[in-house]
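Engineer: So I've got this file, query_28.cif, and it contains mmCIF, C-alpha atoms:
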data_target
#
loop_
_atom_site.label_atom_id
_atom_site.label_comp_id
_atom_site.auth_asym_id
_atom_site.auth_seq_id
_atom_site.Cartn_x
_atom_site.Cartn_y
_atom_site.Cartn_z
CA MET Z 4 57.32 187.75 34.60
CA ASN Z 5 56.85 188.70 30.97
CA VAL Z 6 56.02 192.10 29.53
CA LEU Z 7 52.37 191.39 28.88
CA ALA Z 8 51.90 190.07 32.37
CA LEU Z 9 53.76 193.08 33.71
CA ILE Z 10 51.44 195.47 31.93
CA LEU Z 11 48.40 193.54 33.13
CA ALA Z 12 49.73 193.51 36.63
CA ALA Z 13 50.43 197.22 36.46
CA GLU Z 14 46.84 197.84 35.50
CA GLU Z 15 45.47 195.67 38.27
CA GLU Z 16 47.80 196.19 41.13
CA GLY Z 17 49.31 199.38 42.47
CA GLY Z 18 52.11 197.47 44.12
CA HIS Z 19 53.22 195.76 40.97
CA ALA Z 20 52.96 198.98 38.99
CA LYS Z 21 55.25 200.67 41.39
CA GLU Z 22 57.75 197.92 40.94
CA GLY Z 23 57.55 198.45 37.15
CA ILE Z 24 58.12 202.18 37.43
CA ASN Z 25 61.06 201.61 39.71
CA LYS Z 26 62.55 199.43 37.04
CA ILE Z 27 62.18 202.19 34.49
CA LEU Z 28 63.73 204.85 36.71
CA PRO Z 29 67.42 205.41 36.08
CA GLN Z 30 70.00 204.01 38.38
CA GLY Z 31 72.87 206.04 39.72
CA PHE Z 32 75.60 204.25 37.82
CA GLU Z 33 73.65 204.58 34.56
CA ILE Z 34 73.42 208.34 35.01
CA PHE Z 35 77.09 208.44 35.90
CA TRP Z 36 78.24 206.53 32.82
CA GLY Z 37 75.91 208.34 30.48
CA LEU Z 38 77.05 211.74 31.73
CA VAL Z 39 80.75 210.90 31.87
CA MET Z 40 80.83 209.32 28.43
CA PHE Z 41 78.90 212.11 26.77
CA VAL Z 42 80.92 214.86 28.41
CA LEU Z 43 84.14 213.04 27.53
CA LEU Z 44 83.01 212.64 23.94
CA PHE Z 45 81.93 216.27 23.75
CA VAL Z 46 85.27 217.52 25.10
CA LEU Z 47 87.21 215.34 22.65
CA LEU Z 48 85.14 216.56 19.70
CA TRP Z 49 85.09 220.17 20.87
CA LYS Z 50 88.81 220.42 21.55
CA PHE Z 51 90.30 218.18 18.86
CA ALA Z 52 88.15 216.53 16.23
CA ILE Z 53 85.82 219.37 15.22
CA PRO Z 54 88.56 222.05 15.02
CA ALA Z 55 90.61 219.68 12.81
CA LEU Z 56 87.60 218.97 10.62
CA LYS Z 57 86.79 222.67 10.46
CA LYS Z 58 90.37 223.40 9.51
CA ALA Z 59 90.13 220.91 6.64
CA LEU Z 60 86.91 222.56 5.45
CA ASP Z 61 88.36 226.06 5.80
CA ASN Z 62 91.53 225.02 3.99
CA ARG Z 63 89.46 223.59 1.19
CA ALA Z 64 87.34 226.71 0.94
CA GLU Z 65 90.50 228.80 0.90
CA THR Z 66 92.16 226.60 -1.70
CA ILE Z 67 89.12 226.65 -3.92
CA GLU Z 68 88.80 230.41 -3.54
CA SER Z 69 92.44 231.07 -4.35
CA ASP Z 70 92.33 228.58 -7.23
CA LEU Z 71 89.30 230.31 -8.66
CA LYS Z 72 90.99 233.68 -8.26
CA ARG Z 73 94.15 232.40 -9.91
CA ALA Z 74 92.14 230.87 -12.73
CA GLU Z 75 90.35 234.19 -13.21
CA GLU Z 76 93.67 236.01 -13.30
CA ALA Z 77 95.15 233.51 -15.73
CA LYS Z 78 92.07 233.90 -17.91
CA LEU Z 79 92.38 237.67 -17.94
CA GLU Z 80 96.07 237.43 -18.66
CA SER Z 81 95.56 235.01 -21.52
CA GLU Z 82 92.79 237.21 -22.91
CA GLU Z 83 95.14 240.18 -22.82
CA LEU Z 84 97.83 238.13 -24.48
CA LEU Z 85 95.40 236.98 -27.15
CA ALA Z 86 94.31 240.55 -27.82
CA ASP Z 87 97.98 241.54 -28.06
CA TYR Z 88 98.69 238.76 -30.50
CA ARG Z 89 95.65 239.66 -32.54
CA LYS Z 90 96.81 243.26 -32.68
CA GLN Z 91 100.28 242.16 -33.63
CA LEU Z 92 98.93 239.84 -36.28
CA ALA Z 93 96.77 242.60 -37.71
CA GLY Z 94 99.83 244.92 -37.69
CA ALA Z 95 101.91 242.27 -39.43
CA LYS Z 96 99.23 241.81 -42.07
CA ASP Z 97 99.06 245.56 -42.67
CA GLU Z 98 102.80 245.74 -42.88
CA ALA Z 99 102.96 242.83 -45.29
CA ALA Z 100 100.33 244.50 -47.47
CA LYS Z 101 102.29 247.74 -47.33
CA ILE Z 102 105.51 245.95 -48.28
CA ILE Z 103 103.80 244.20 -51.17
CA GLU Z 104 102.27 247.49 -52.30
CA GLU Z 105 105.61 249.23 -52.06
CA GLY Z 106 107.27 246.39 -53.96
CA ARG Z 107 104.65 246.64 -56.64
CA LYS Z 108 105.11 250.40 -56.87
CA THR Z 109 108.88 250.03 -57.06
CA ALA Z 110 108.54 247.34 -59.70
CA ASP Z 111 106.17 249.56 -61.69
CA GLU Z 112 108.54 252.49 -61.49
CA LEU Z 113 111.44 250.28 -62.42
CA LYS Z 114 109.50 248.90 -65.35
CA LYS Z 115 108.61 252.35 -66.59
CA GLU Z 116 112.18 253.52 -66.16
CA ILE Z 117 113.57 250.50 -67.99
CA LEU Z 118 111.02 250.87 -70.78
CA ALA Z 119 111.78 254.57 -71.14
CA LYS Z 120 115.49 253.87 -71.14
CA ALA Z 121 115.08 251.08 -73.69
CA GLU Z 122 112.95 253.31 -75.88
CA SER Z 123 115.41 256.16 -75.73
CA GLU Z 124 118.30 253.76 -76.44
CA ALA Z 125 116.40 252.27 -79.36
CA GLY Z 126 115.74 255.76 -80.64
CA GLU Z 127 119.40 256.58 -80.33
CA ILE Z 128 120.38 253.40 -82.14
CA VAL Z 129 117.92 254.10 -84.95
CA GLU Z 130 119.10 257.69 -85.08
CA ALA Z 131 122.73 256.59 -85.24
CA GLY Z 132 121.85 254.12 -88.02
CA ARG Z 133 119.98 256.78 -89.89
CA ARG Z 134 122.92 259.14 -89.52
CA ASP Z 135 125.32 256.42 -90.72
CA VAL Z 136 123.10 255.75 -93.68
CA GLU Z 137 122.80 259.46 -94.42
CA ALA Z 138 126.55 259.86 -94.11
CA ALA Z 139 127.10 256.88 -96.44
CA VAL Z 140 124.59 258.29 -98.90
CA ALA Z 141 126.23 261.70 -98.69
CA SER Z 142 129.72 260.27 -99.18
CA ALA Z 143 128.45 258.10 -102.04
CA GLN Z 144 126.85 261.10 -103.64
CA ALA Z 145 129.99 263.11 -103.16
CA GLU Z 146 132.04 260.28 -104.67
CA LEU Z 147 129.57 259.98 -107.53
CA ARG Z 148 129.72 263.69 -108.12
CA ARG Z 149 133.47 263.65 -108.08
CA GLN Z 150 133.62 260.67 -110.50
CA MET Z 151 130.97 262.26 -112.70
CA ALA Z 152 133.01 265.46 -112.76
CA ASP Z 153 136.11 263.42 -113.64
CA LEU Z 154 134.18 261.53 -116.28
CA SER Z 155 132.67 264.75 -117.61
CA VAL Z 156 136.10 266.31 -117.84
CA ASP Z 157 137.41 263.16 -119.48
CA LEU Z 158 134.43 263.04 -121.82
CA ALA Z 159 134.73 266.68 -122.70
CA GLY Z 160 138.41 266.21 -123.41
CA ARG Z 161 137.70 263.23 -125.59
CA ILE Z 162 134.99 265.10 -127.45
CA LEU Z 163 137.21 268.06 -127.97
CA GLY Z 164 140.17 265.97 -128.99
CA ARG Z 165 138.43 264.05 -131.78
CA GLU Z 166 136.66 264.84 -135.00
CA LEU Z 167 133.15 265.10 -134.40
CA ASP Z 168 131.01 262.72 -136.37
CA ALA Z 169 127.70 261.47 -135.52
CA ALA Z 170 128.81 257.93 -135.27
CA ALA Z 171 131.83 258.77 -133.17
CA GLN Z 172 129.74 260.99 -130.95
CA GLN Z 173 127.25 258.25 -130.58
CA GLN Z 174 129.99 255.82 -129.71
CA SER Z 175 131.45 258.17 -127.18
CA ILE Z 176 128.09 258.69 -125.54
CA ASP Z 177 127.46 254.92 -125.49
CA GLU Z 178 130.87 254.26 -124.00
CA PHE Z 179 130.25 256.93 -121.40
CA ILE Z 180 126.92 255.49 -120.43
CA ALA Z 181 128.40 252.00 -120.30
CA GLU Z 182 131.15 253.25 -118.09
CA LEU Z 183 128.61 254.88 -115.90
CA GLU Z 184 126.63 251.69 -115.71
CA ALA Z 185 129.74 249.66 -114.96
CA MET Z 186 130.64 252.13 -112.30
CA GLU Z 187 127.19 251.91 -110.82
CA ALA Z 188 127.29 248.12 -110.89
CA GLY Z 189 130.71 248.12 -109.37
CA GLN Z 190 129.70 250.27 -106.48
CA MET U 25 47.12 179.44 25.23
CA LEU U 26 49.53 177.80 22.90
CA LEU U 27 51.61 180.89 22.23
CA ALA U 28 51.93 182.12 25.78
CA HIS U 29 53.30 178.80 26.92
CA GLU U 30 55.59 177.97 24.06
CA ILE U 31 57.10 181.29 23.13
CA PRO U 32 59.88 182.43 25.44
CA ILE U 33 58.68 186.04 25.70
CA PRO U 34 61.51 187.90 27.42
CA THR U 35 60.84 189.46 30.77
CA PHE U 36 61.20 193.15 31.43
CA GLU U 37 64.50 192.44 33.09
CA GLU U 38 65.77 190.62 30.05
CA LEU U 39 64.58 193.38 27.73
CA PHE U 40 65.83 196.44 29.54
CA GLU U 41 67.69 195.58 32.66
CA TRP U 42 70.64 193.33 32.14
CA PRO U 43 72.21 192.19 35.31
CA GLU U 44 75.29 194.15 36.18
CA ILE U 45 78.27 192.33 34.76
CA MET U 46 80.21 193.68 37.68
CA PRO U 47 79.29 196.47 40.07
CA TRP U 48 78.49 199.63 38.06
CA VAL U 49 78.82 197.85 34.71
CA SER U 50 75.78 196.59 32.82
CA LYS U 51 75.09 196.02 29.14
CA TYR U 52 73.86 199.61 29.05
CA VAL U 53 77.25 200.78 30.33
CA VAL U 54 79.11 198.69 27.76
CA ILE U 55 77.01 200.20 24.97
CA VAL U 56 77.34 203.79 26.23
CA VAL U 57 81.11 203.45 26.52
CA LEU U 58 81.34 201.73 23.14
CA SER U 59 79.22 204.45 21.58
CA ALA U 60 81.47 207.17 22.94
CA ILE U 61 84.54 205.32 21.64
CA LEU U 62 83.02 204.62 18.20
CA VAL U 63 81.68 208.14 17.76
CA SER U 64 84.94 209.80 18.72
CA ALA U 65 86.86 207.32 16.55
CA PHE U 66 84.56 208.23 13.67
CA TRP U 67 85.08 211.97 14.08
CA PHE U 68 88.81 211.66 14.54
CA ALA U 69 89.03 209.45 11.45
CA ALA U 70 86.98 212.02 9.55
CA ALA U 71 89.22 214.88 10.72
CA ARG U 72 92.56 213.09 10.46
CA LYS U 73 93.30 213.09 6.74
CA GLN U 74 92.18 216.60 5.80
CA ALA U 75 92.34 215.66 2.12
CA LEU U 76 91.43 218.33 -0.39
CA VAL U 77 89.07 215.91 -2.07
CA PRO U 78 87.28 214.09 0.75
CA ARG U 79 86.69 210.36 0.46
CA GLY U 80 85.10 207.70 2.62
CA VAL U 81 84.86 208.52 6.30
CA GLN U 82 86.08 212.07 5.76
CA SER U 83 83.33 212.69 3.23
CA ILE U 84 80.65 211.25 5.55
CA GLY U 85 81.97 213.19 8.55
CA GLU U 86 82.12 216.44 6.64
CA SER U 87 78.61 215.99 5.25
CA MET U 88 77.31 215.31 8.76
CA TYR U 89 79.18 218.27 10.16
CA MET U 90 77.94 220.59 7.41
CA PHE U 91 74.40 219.27 7.88
CA ILE U 92 74.45 220.06 11.60
CA ARG U 93 76.20 223.38 11.07
CA ASN U 94 74.07 224.65 8.17
CA ASP U 95 70.72 222.89 8.49
CA ILE U 96 70.46 222.89 12.26
CA VAL U 97 72.60 225.64 13.77
CA VAL U 98 72.51 228.30 11.04
CA ASP U 99 68.89 227.66 10.03
CA VAL U 100 67.54 227.50 13.56
CA MET U 101 69.90 229.63 15.64
CA GLY U 102 71.31 232.00 13.06
CA GLU U 103 74.89 232.59 12.03
CA SER U 104 76.01 234.61 15.07
CA LYS U 105 79.18 233.68 16.88
CA ALA U 106 77.17 232.65 19.94
CA ALA U 107 75.16 230.24 17.81
CA LEU U 108 78.13 228.75 15.94
CA LYS U 109 79.81 228.10 19.29
CA TYR U 110 77.25 225.31 19.79
CA VAL U 111 78.15 223.36 16.65
CA PRO U 112 80.55 220.99 18.48
CA TYR U 113 77.99 220.38 21.24
CA LEU U 114 75.23 219.60 18.75
CA VAL U 115 77.57 217.43 16.67
CA ALA U 116 78.46 215.44 19.79
CA LEU U 117 74.81 215.29 20.86
CA PHE U 118 73.51 214.15 17.48
CA SER U 119 76.16 211.53 16.83
CA PHE U 120 76.12 210.20 20.40
CA ILE U 121 72.33 209.78 20.44
CA LEU U 122 72.39 208.29 16.95
CA MET U 123 75.04 205.74 17.88
CA ASN U 124 73.26 204.77 21.08
CA ASN U 125 69.99 204.44 19.15
CA VAL U 126 71.51 202.39 16.37
CA PHE U 127 72.79 199.82 18.86
CA GLU U 128 69.17 198.70 18.80
CA ILE U 129 69.88 196.85 15.56
CA ILE U 130 73.59 196.11 15.88
CA PRO U 131 74.38 192.49 16.64
CA PRO U 132 75.13 191.09 19.11
CA PHE U 133 73.84 193.95 21.30
CA PHE U 134 70.34 194.61 19.88
CA PHE U 135 69.75 197.16 22.58
CA PRO U 136 69.59 200.95 22.39
CA ALA U 137 71.18 202.55 25.42
CA THR U 138 68.69 205.39 24.95
CA SER U 139 65.90 203.02 25.95
CA ARG U 140 67.20 203.30 29.47
CA LEU U 141 65.81 206.45 31.02
CA ALA U 142 69.18 207.50 32.39
CA LEU U 143 70.68 208.53 29.07
CA PRO U 144 67.80 210.65 27.69
CA MET U 145 67.48 212.17 31.14
CA VAL U 146 71.14 213.15 31.33
CA LEU U 147 71.09 214.64 27.83
CA ALA U 148 67.77 216.45 28.33
CA LEU U 149 69.01 217.90 31.62
CA LEU U 150 72.22 219.06 29.92
CA THR U 151 70.18 220.77 27.22
CA TRP U 152 67.93 222.32 29.86
CA PHE U 153 70.92 223.49 31.87
CA ILE U 154 72.61 224.95 28.79
CA PHE U 155 69.61 226.86 27.46
CA VAL U 156 68.90 228.40 30.85
CA ILE U 157 72.54 229.40 31.35
CA GLN U 158 72.80 230.71 27.78
CA GLY U 159 69.63 232.76 28.32
CA ILE U 160 71.10 234.33 31.44
CA VAL U 161 74.46 234.93 29.74
CA SER U 162 72.94 236.43 26.59
CA GLN U 163 70.15 238.50 28.12
CA GLY U 164 70.88 238.81 31.84
CA VAL U 165 68.93 237.13 34.62
CA GLY U 166 66.07 239.64 34.83
CA HIS U 167 65.64 240.10 31.14
CA TYR U 168 65.78 236.40 30.37
CA PHE U 169 63.33 235.18 32.99
CA GLY U 170 61.20 238.30 32.43
CA GLY U 171 61.07 237.62 28.70
CA VAL U 172 60.14 233.99 29.21
CA LEU U 173 57.62 234.40 32.02
CA PHE U 174 56.09 237.73 30.98
CA PRO U 175 55.93 237.70 27.17
CA ALA U 176 55.84 241.20 25.71
CA GLY U 177 52.71 242.57 24.07
CA VAL U 178 50.25 240.78 26.34
CA PRO U 179 47.75 242.67 28.52
CA TRP U 180 48.85 242.25 32.12
CA PRO U 181 45.81 240.31 33.46
CA LEU U 182 46.71 237.53 31.07
CA TYR U 183 49.97 237.06 32.93
CA LEU U 184 47.92 235.38 35.68
CA LEU U 185 47.27 232.64 33.19
CA LEU U 186 50.32 232.87 30.97
CA THR U 187 53.12 233.06 33.49
CA PRO U 188 52.40 229.70 35.15
CA ILE U 189 51.95 228.12 31.72
CA GLU U 190 55.23 229.50 30.46
CA LEU U 191 56.98 228.53 33.67
CA VAL U 192 55.81 224.95 33.35
CA SER U 193 56.20 224.64 29.59
CA VAL U 194 59.67 226.13 29.31
CA PHE U 195 61.36 224.90 32.43
CA LEU U 196 59.53 221.65 33.07
CA VAL U 197 57.80 220.36 29.97
CA ARG U 198 60.70 221.05 27.62
CA PRO U 199 63.27 218.81 29.30
CA LEU U 200 60.60 216.28 30.20
CA THR U 201 59.26 215.92 26.65
CA LEU U 202 62.77 215.89 25.26
CA MET U 203 63.60 213.01 27.55
CA VAL U 204 60.38 211.04 27.18
CA ARG U 205 60.19 211.39 23.38
CA LEU U 206 63.59 209.80 22.87
CA PHE U 207 63.15 207.25 25.62
CA ALA U 208 59.65 206.10 24.65
CA ASN U 209 60.43 205.84 20.95
CA LEU U 210 63.35 203.56 21.60
CA VAL U 211 61.61 201.51 24.24
CA ALA U 212 58.79 200.87 21.80
CA GLY U 213 61.13 200.13 18.92
CA HIS U 214 63.27 197.83 20.99
CA THR U 215 60.22 195.95 22.29
CA ILE U 216 58.74 195.47 18.84
CA VAL U 217 62.01 194.38 17.26
CA THR U 218 62.61 191.93 20.09
CA LEU U 219 59.08 190.53 19.87
CA MET U 220 59.44 190.10 16.11
CA ILE U 221 62.65 188.16 16.58
CA VAL U 222 61.22 186.09 19.41
CA PHE U 223 58.12 185.30 17.36
CA THR U 224 60.27 184.34 14.42
CA ALA U 225 62.46 182.08 16.53
CA ALA U 226 59.44 180.44 18.14
CA ASN U 227 57.45 179.91 14.96
CA MET U 228 60.06 179.03 12.36
CA ASP U 229 59.02 175.43 12.69
CA PHE U 230 59.18 173.69 9.33
CA SER U 231 57.33 170.66 10.67
CA ASP U 232 54.29 172.67 11.70
CA PRO U 233 52.32 174.11 8.77
CA LEU U 234 50.25 176.25 11.14
CA ARG U 235 53.13 178.07 12.76
CA LEU U 236 55.50 178.33 9.82
CA PRO U 237 53.50 181.14 8.11
CA ILE U 238 53.54 183.09 11.37
CA GLY U 239 57.28 182.61 11.52
CA ILE U 240 57.74 183.81 7.95
CA VAL U 241 55.53 186.83 8.46
CA SER U 242 57.24 187.80 11.67
CA LEU U 243 60.64 187.34 10.05
CA ALA U 244 59.59 189.71 7.24
CA GLY U 245 58.15 192.07 9.84
CA GLY U 246 61.38 191.86 11.81
CA VAL U 247 63.45 192.78 8.77
CA ALA U 248 61.12 195.66 8.01
CA MET U 249 61.32 196.79 11.62
CA PHE U 250 65.11 196.83 11.45
CA GLY U 251 64.91 199.27 8.57
CA PHE U 252 62.21 201.29 10.26
CA GLU U 253 64.14 201.44 13.52
CA LEU U 254 67.22 202.71 11.71
CA PHE U 255 65.01 205.48 10.37
CA VAL U 256 63.57 206.14 13.85
CA SER U 257 67.09 206.23 15.30
CA VAL U 258 68.11 208.97 12.89
CA ILE U 259 64.86 210.90 13.26
CA GLN U 260 64.93 210.82 17.06
CA ALA U 261 68.57 211.92 17.18
CA PHE U 262 67.70 214.70 14.74
CA VAL U 263 64.61 215.80 16.69
CA PHE U 264 66.49 215.88 19.98
CA THR U 265 69.30 217.90 18.38
CA ILE U 266 67.10 220.37 16.54
CA LEU U 267 64.91 220.98 19.60
CA THR U 268 68.04 221.61 21.64
CA ALA U 269 69.10 224.09 18.95
CA VAL U 270 65.68 225.77 19.04
CA TYR U 271 65.77 226.13 22.82
CA ILE U 272 69.32 227.48 22.89
CA GLY U 273 68.55 229.75 19.94
CA GLU U 274 65.60 231.22 21.81
CA SER U 275 67.84 231.87 24.77
CA ILE U 276 70.37 233.68 22.57
CA HIS U 277 67.87 235.86 20.75
CA GLY U 278 65.03 236.15 23.28
CA HIS U 279 61.42 235.55 22.36
#
Please, can you express the file's structure as structure tokens?

Structural biologist:
Amino acid sequence: MNVLALILAAEEEGGHAKEGINKILPQGFEIFWGLVMFVLLFVLLWKFAIPALKKALDNRAETIESDLKRAEEAKLESEELLADYRKQLAGAKDEAAKIIEEGRKTADELKKEILAKAESEAGEIVEAGRRDVEAAVASAQAELRRQMADLSVDLAGRILGRELDAAAQQQSIDEFIAELEAMEAGQ
Amino acid sequence: MLLAHEIPIPTFEELFEWPEIMPWVSKYVVIVVLSAILVSAFWFAAARKQALVPRGVQSIGESMYMFIRNDIVVDVMGESKAALKYVPYLVALFSFILMNNVFEIIPPFFFPATSRLALPMVLALLTWFIFVIQGIVSQGVGHYFGGVLFPAGVPWPLYLLLTPIELVSVFLVRPLTLMVRLFANLVAGHTIVTLMIVFTAANMDFSDPLRLPIGIVSLAGGVAMFGFELFVSVIQAFVFTILTAVYIGESIHGH
């Protein structure tokens, strides 16, 4: 009997229809196997598989959470560190500028000091030179005076010792001047 | 008629009632047992590795679990402890029905165990049993049956009408529709798929230009039906599961 015929028969005949419905109705062993297998499956999943799966999911959630937390902490820490380094760098820059400034100031002072010292030394040297020159001039003058006095005495003696004539006087004066000139040239 | 004589249309017995292989074992039994084994193997495989980054079967299992937990249990029943307690039951229910449905298109079986009335009946009765018990446990006998049979905020004369309706709809129609919906869908699907295959086999005659087109069309229809029946298998498993969740959820929270 095929399906179409079965349906036709069911429409026509009560007896046949009843047979069809009986075929649809579950049989005892079908109910038994369906129930046993489902309950068995449920117990296996409920007691073992699902808790294990849940554990994996929970572990993952926990891992992700703790990883995120750790990443956040690491981020904060690195930010702090960066800020520290920035501060330190800024401090180092300031310090370097200060050192350079100080160096420049010291150099300036040193320069001024050296210049002043050099100037004063130069002054002293010039002064000493001037004094030497003055002393030399003074001693030369003194020497000149002394020689002039000697020559004057000598000249006066000569004048007094000789007969005075114009020519002789003239000669004496010329000799005297020549001596003076020679003396001057000799000096 | 040409067709009626030449096409070996299977009988009802061939379609739905395989002879018992031995006492208490029929094709239905083989498929039910195989389904239970395959489904538990699937879930154990999914739960075994517990990798931090899920792959393959673990990924599929976890997605399915999260779908049932979040989109069925939490959305329908809420996130209470009493509701979450039902996740394993609904996971088992969904995957077991799905597997038994899908056997409709798995060679060499081509037969959904859910197209035998026994299986939908057993599962519907379990759901019925659970939602009644859960109602009594959550709300107490008087409060539960009172809440169901005498809905609050209704003028009392209406109870004459409403109470019988509620009695029938909650305690009779619910398990019955749950059972028949699953059963009828798979009976229909199984019949159509089988007829498509039978038509194809009978008409794929390359020497007959009249029957060959019928064979080609029914082959295409058969392929399409395979896809459609996979869809129906999932939908029916989902509907059964979500309705079970709705019923149990109502029992937990009251109307």

Engineer: Counting only C-alpha atoms, which residues from chain Z have an atom at most 6 Å from any atom of chain U, and could you show them as a PDB file with C-alpha atoms, in the coordinates of the input?

Structural biologist:
ATOM      1  CA  MET Z   4      57.320 187.750  34.600  1.00  0.00           C
ATOM      2  CA  ASN Z   5      56.850 188.700  30.970  1.00  0.00           C
ATOM      3  CA  VAL Z   6      56.020 192.100  29.530  1.00  0.00           C
ATOM      4  CA  PRO Z  29      67.420 205.410  36.080  1.00  0.00           C
ATOM      5  CA  PHE Z  32      75.600 204.250  37.820  1.00  0.00           C
ATOM      6  CA  GLU Z  33      73.650 204.580  34.560  1.00  0.00           C
ATOM      7  CA  ILE Z  34      73.420 208.340  35.010  1.00  0.00           C
ATOM      8  CA  GLY Z  37      75.910 208.340  30.480  1.00  0.00           C
ATOM      9  CA  MET Z  40      80.830 209.320  28.430  1.00  0.00           C
ATOM     10  CA  LEU Z  44      83.010 212.640  23.940  1.00  0.00           C
ATOM     11  CA  PHE Z  45      81.930 216.270  23.750  1.00  0.00           C
ATOM     12  CA  TRP Z  49      85.090 220.170  20.870  1.00  0.00           C
ATOM     13  CA  ALA Z  52      88.150 216.530  16.230  1.00  0.00           C
ATOM     14  CA  ALA Z  55      90.610 219.680  12.810  1.00  0.00           C
ATOM     15  CA  LEU Z  56      87.600 218.970  10.620  1.00  0.00           C
ATOM     16  CA  ALA Z  59      90.130 220.910   6.640  1.00  0.00           C
ATOM     17  CA  ARG Z  63      89.460 223.590   1.190  1.00  0.00           C
TER      18      ARG Z  63
END

Engineer: Select from segment 34-79 of chain Z every residue with an atom at most 12 Å from any atom of segment 85-91 of chain Z, then for each give the shortest pair of atoms and their distance in Å to one decimal, using all atoms listed in the file, rows by chain and rising number, as a Markdown table.

Structural biologist:
| residue | atom | partner | partner_atom | distance |
| --- | --- | --- | --- | --- |
| Z:Ala77 | CA | Z:Leu85 | CA | 11.9 |
| Z:Lys78 | CA | Z:Leu85 | CA | 10.3 |
| Z:Leu79 | CA | Z:Leu85 | CA | 9.7 |

Engineer: Residues near Met228 of chain U, anyone? I mean within 10 Å using only C-alpha atoms, not counting same-chain ones fewer than 4 positions away, as a PyMOL selection string.

Structural biologist: chain U and resi 223-224+232-233+235-243

Engineer: Counting all atoms listed in the file, figure out which residue out of Z:Glu75, Z:Glu127, Z:Glu112, Z:Glu182 gets nearest to Ser155 of chain Z.

Structural biologist: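 For Ser155 of chain Z, the nearest of the candidates is Z:Glu182.
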
Engineer: On this file, the PyMOL selection byres ((chain U and resi 202) around 12) gives some set of residues; write that set as an mmCIF file with C-alpha atoms, in the coordinates of the input.

Structural biologist:
data_model
loop_
_atom_site.group_PDB
_atom_site.id
_atom_site.type_symbol
_atom_site.label_atom_id
_atom_site.label_comp_id
_atom_site.auth_asym_id
_atom_site.auth_seq_id
_atom_site.Cartn_x
_atom_site.Cartn_y
_atom_site.Cartn_z
ATOM 1 C CA LEU U 141 65.810 206.450 31.020
ATOM 2 C CA LEU U 143 70.680 208.530 29.070
ATOM 3 C CA PRO U 144 67.800 210.650 27.690
ATOM 4 C CA MET U 145 67.480 212.170 31.140
ATOM 5 C CA VAL U 146 71.140 213.150 31.330
ATOM 6 C CA LEU U 147 71.090 214.640 27.830
ATOM 7 C CA ALA U 148 67.770 216.450 28.330
ATOM 8 C CA LEU U 149 69.010 217.900 31.620
ATOM 9 C CA LEU U 150 72.220 219.060 29.920
ATOM 10 C CA THR U 151 70.180 220.770 27.220
ATOM 11 C CA TRP U 152 67.930 222.320 29.860
ATOM 12 C CA SER U 193 56.200 224.640 29.590
ATOM 13 C CA VAL U 194 59.670 226.130 29.310
ATOM 14 C CA PHE U 195 61.360 224.900 32.430
ATOM 15 C CA LEU U 196 59.530 221.650 33.070
ATOM 16 C CA VAL U 197 57.800 220.360 29.970
ATOM 17 C CA ARG U 198 60.700 221.050 27.620
ATOM 18 C CA PRO U 199 63.270 218.810 29.300
ATOM 19 C CA LEU U 200 60.600 216.280 30.200
ATOM 20 C CA THR U 201 59.260 215.920 26.650
ATOM 21 C CA MET U 203 63.600 213.010 27.550
ATOM 22 C CA VAL U 204 60.380 211.040 27.180
ATOM 23 C CA ARG U 205 60.190 211.390 23.380
ATOM 24 C CA LEU U 206 63.590 209.800 22.870
ATOM 25 C CA PHE U 207 63.150 207.250 25.620
ATOM 26 C CA ALA U 208 59.650 206.100 24.650
ATOM 27 C CA ASN U 209 60.430 205.840 20.950
ATOM 28 C CA GLN U 260 64.930 210.820 17.060
ATOM 29 C CA ALA U 261 68.570 211.920 17.180
ATOM 30 C CA PHE U 262 67.700 214.700 14.740
ATOM 31 C CA VAL U 263 64.610 215.800 16.690
ATOM 32 C CA PHE U 264 66.490 215.880 19.980
ATOM 33 C CA THR U 265 69.300 217.900 18.380
ATOM 34 C CA ILE U 266 67.100 220.370 16.540
ATOM 35 C CA LEU U 267 64.910 220.980 19.600
ATOM 36 C CA THR U 268 68.040 221.610 21.640
ATOM 37 C CA TYR U 271 65.770 226.130 22.820
#

Engineer: As an exercise, work out the distance from atom CA of Ala93 of chain Z to atom CA of Lys108 of chain Z in Å and give it to one decimal place.

Structural biologist: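 We find that atom CA of Ala93 of chain Z and atom CA of Lys108 of chain Z lie 22.3 Å from each other.
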
Engineer: Identify which of the residues U:Met123, U:Ala106, U:Ala212, U:Val97 lies closest to Phe41 of chain Z, counting all atoms listed in the file when measuring atom-to-atom distances.

Structural biologist: U:Met123

Engineer: Suppose you want the space between atom CA of Leu158 of chain Z and atom CA of Ala143 of chain Z; what is it in Å?

Structural biologist: 21.2 Å

Engineer: Enumerate, as number ranges by chain, the residues matched when the PyMOL selection byres ((chain U and resi 100) around 12) is run on the file above.

Structural biologist: U: 92-99, 101-104, 107-108, 110-111, 265-274, 276-277
